[in-house]
Amino acid sequence: MSLLGATTASSEPIADSNALHSGPCTKKLAGRNVTLEINPKPVRHMNDLSFRVTVDPSTALPSALLLDLSMPGMPMGKNQVKLAKKSPETWEGRGVIVRCMSGRRLWKATVLSSDLGNPAFTFDVRD
Ligand SMILES: [Cu+2]
C-alpha cells in the first residue's frame, strides 16, 4: 500500500518551530534561554544530523545532556542523542531521524533535563 499523497489529519499537532529550518529556535524555561539548532538544513529524514543545544545561563548543568527524539502521539521506538558539552554554554551530538511509515513528518526534540524544565521543540522533517 502506498502512503504517497496521504492527507494530513486536521487533528494532527502542528510544528511550533519550523524556524528550525532557517535558524536556531529558542525557548524560555526555568529562567533560562534554551536554544536548539539542527544542521544541515532543511532537516531531512535518514540524514546524519548535528544537534546543538545552547543554554543561557548555563550554570550547574552536567557535562552531557540527552536529547529525546519522538513523534507526538505515536510510538516510534527510543531515539536519544547524547549531547556532549563543547563550550561553557553549548552541548552537541549527532543522530538520525527515521522516516515514518505513516507519512507523518512532525517530530519533537526534548532536552531531558529537569533542571531546564525538559524543553521540547517540534518541527517538520522534510523528505
Ligand atoms: Cu511515526
# chains A, B, ... in the order shown; residues from 1 in each chain; ligands from 1
>>> closest_atom_pairs(of="chain A", to="ligand 1", cutoff="6 Å", atoms="only C-alpha atoms and all ligand atoms", output="tab-separated table")
residue	atom	partner	partner_atom_place_in_ligand_line	distance
A:Met71	CA	ligand 1	1 (Cu)	5.7
A:Met74	CA	ligand 1	1 (Cu)	5.5
A:Met76	CA	ligand 1	1 (Cu)	5.5
A:Cys100	CA	ligand 1	1 (Cu)	4.3
A:Ser102	CA	ligand 1	1 (Cu)	5.9
>>> write_last_selection(atoms="N, CA and C atoms", output="PDB file, in the first residue's frame")
ATOM      1  N   MET A  71       7.840  11.217  18.024  1.00  0.00           N
ATOM      2  CA  MET A  71       6.741  11.789  17.246  1.00  0.00           C
ATOM      3  C   MET A  71       5.574  11.982  18.196  1.00  0.00           C
ATOM      4  N   MET A  74       2.660   9.193  18.792  1.00  0.00           N
ATOM      5  CA  MET A  74       2.938   7.977  18.030  1.00  0.00           C
ATOM      6  C   MET A  74       4.213   7.319  18.554  1.00  0.00           C
ATOM      7  N   MET A  76       7.482   5.510  18.337  1.00  0.00           N
ATOM      8  CA  MET A  76       8.412   5.302  17.220  1.00  0.00           C
ATOM      9  C   MET A  76       9.671   4.559  17.651  1.00  0.00           C
ATOM     10  N   CYS A 100       8.921   8.101   8.882  1.00  0.00           N
ATOM     11  CA  CYS A 100       7.762   7.447   9.495  1.00  0.00           C
ATOM     12  C   CYS A 100       6.934   6.737   8.435  1.00  0.00           C
ATOM     13  N   SER A 102       3.909   6.071   8.450  1.00  0.00           N
ATOM     14  CA  SER A 102       2.572   6.657   8.306  1.00  0.00           C
ATOM     15  C   SER A 102       2.575   7.841   7.348  1.00  0.00           C
TER      16      SER A 102
END
>>> residues_around(residues="A:Glu92", least_positions_apart="2", cutoff="6 Å", atoms="only C-alpha atoms", output="PyMOL selection string")
chain A and resi 51-52+83-84
>>> closest_residue(among="A:Lys27, A:Arg94, A:Leu112, A:Val55", to="A:Pro40", atoms="only C-alpha atoms")
A:Arg94
>>> atom_distance(atom1="atom CA of A:Thr59", atom2="atom CA of A:Gln80")
23.3 Å
>>> residues_around(residues="A:Lys82", least_positions_apart="6", cutoff="10 Å", atoms="only C-alpha atoms", output="number ranges by chain")
A: 51, 64-68, 91-95
>>> write_last_selection(atoms="C-alpha atoms", output="mmCIF file, in the first residue's frame")
data_model
loop_
_atom_site.group_PDB
_atom_site.id
_atom_site.type_symbol
_atom_site.label_atom_id
_atom_site.label_comp_id
_atom_site.auth_asym_id
_atom_site.auth_seq_id
_atom_site.Cartn_x
_atom_site.Cartn_y
_atom_site.Cartn_z
ATOM 1 C CA PHE A 51 22.102 18.782 17.177
ATOM 2 C CA ALA A 64 26.294 15.543 28.962
ATOM 3 C CA LEU A 65 22.619 16.065 28.126
ATOM 4 C CA LEU A 66 20.185 13.679 26.442
ATOM 5 C CA LEU A 67 18.030 14.814 23.536
ATOM 6 C CA ASP A 68 14.977 12.597 23.048
ATOM 7 C CA TRP A 91 26.186 20.779 24.046
ATOM 8 C CA GLU A 92 26.418 18.887 20.754
ATOM 9 C CA GLY A 93 25.674 15.437 19.366
ATOM 10 C CA ARG A 94 24.777 13.608 16.166
ATOM 11 C CA GLY A 95 21.776 11.474 15.258
#
>>> closest_residue(among="A:Leu49, A:Leu61, A:Ile38, A:Ile97", to="A:Asp115", atoms="only C-alpha atoms")
A:Leu61
>>> select_by_dssp(residues="chain A", states="strand (DSSP E)", output="tab-separated table (two decimals) with C-alpha atoms, in the first residue's frame")
chain	number	residue	atom	x	y	z
A	25	CYS	CA	14.85	28.10	17.89
A	26	THR	CA	14.81	29.40	21.47
A	27	LYS	CA	12.54	28.57	24.41
A	28	LYS	CA	12.50	30.38	27.74
A	29	LEU	CA	12.09	27.85	30.55
A	32	ARG	CA	16.93	30.15	31.14
A	33	ASN	CA	17.01	30.51	27.37
A	34	VAL	CA	17.38	27.10	25.75
A	35	THR	CA	18.19	27.12	22.03
A	36	LEU	CA	18.13	24.16	19.65
A	37	GLU	CA	19.82	24.19	16.27
A	38	ILE	CA	19.79	21.26	13.84
A	39	ASN	CA	22.11	21.07	10.82
A	49	LEU	CA	22.21	15.39	11.71
A	50	SER	CA	24.06	17.63	14.12
A	51	PHE	CA	22.10	18.78	17.18
A	52	ARG	CA	23.35	21.76	19.18
A	53	VAL	CA	21.75	22.96	22.41
A	54	THR	CA	22.79	26.33	23.83
A	55	VAL	CA	21.75	27.32	27.36
A	56	ASP	CA	21.93	30.81	28.88
A	64	ALA	CA	26.29	15.54	28.96
A	65	LEU	CA	22.62	16.06	28.13
A	66	LEU	CA	20.18	13.68	26.44
A	67	LEU	CA	18.03	14.81	23.54
A	68	ASP	CA	14.98	12.60	23.05
A	69	LEU	CA	13.56	12.39	19.51
A	70	SER	CA	9.92	11.32	19.27
A	80	GLN	CA	18.04	9.56	22.01
A	81	VAL	CA	21.07	11.62	21.11
A	82	LYS	CA	23.79	12.12	23.69
A	83	LEU	CA	24.91	15.74	23.70
A	84	ALA	CA	28.42	16.38	24.97
A	85	LYS	CA	29.45	19.72	26.41
A	86	LYS	CA	31.54	21.61	23.85
A	87	SER	CA	31.80	25.02	25.46
A	90	THR	CA	26.84	24.53	24.27
A	91	TRP	CA	26.19	20.78	24.05
A	92	GLU	CA	26.42	18.89	20.75
A	93	GLY	CA	25.67	15.44	19.37
A	94	ARG	CA	24.78	13.61	16.17
A	95	GLY	CA	21.78	11.47	15.26
A	106	LEU	CA	6.15	16.06	12.76
A	107	TRP	CA	8.86	15.30	15.29
A	108	LYS	CA	9.62	16.55	18.77
A	109	ALA	CA	13.07	17.02	20.26
A	110	THR	CA	13.02	17.14	24.07
A	111	VAL	CA	16.05	18.06	26.15
A	112	LEU	CA	15.76	15.56	29.03
A	120	ALA	CA	10.59	20.47	23.77
A	121	PHE	CA	10.85	21.71	20.18
A	122	THR	CA	8.50	20.42	17.46
A	123	PHE	CA	9.39	20.62	13.81
A	124	ASP	CA	8.57	19.11	10.43
>>> closest_residue(among="A:Gly117, A:Pro62, A:Gly23, A:Arg126", to="A:Glu89", atoms="only C-alpha atoms")
A:Pro62
>>> atom_distance(atom1="atom CA of A:Ala30", atom2="atom CA of A:Pro72")
22.7 Å
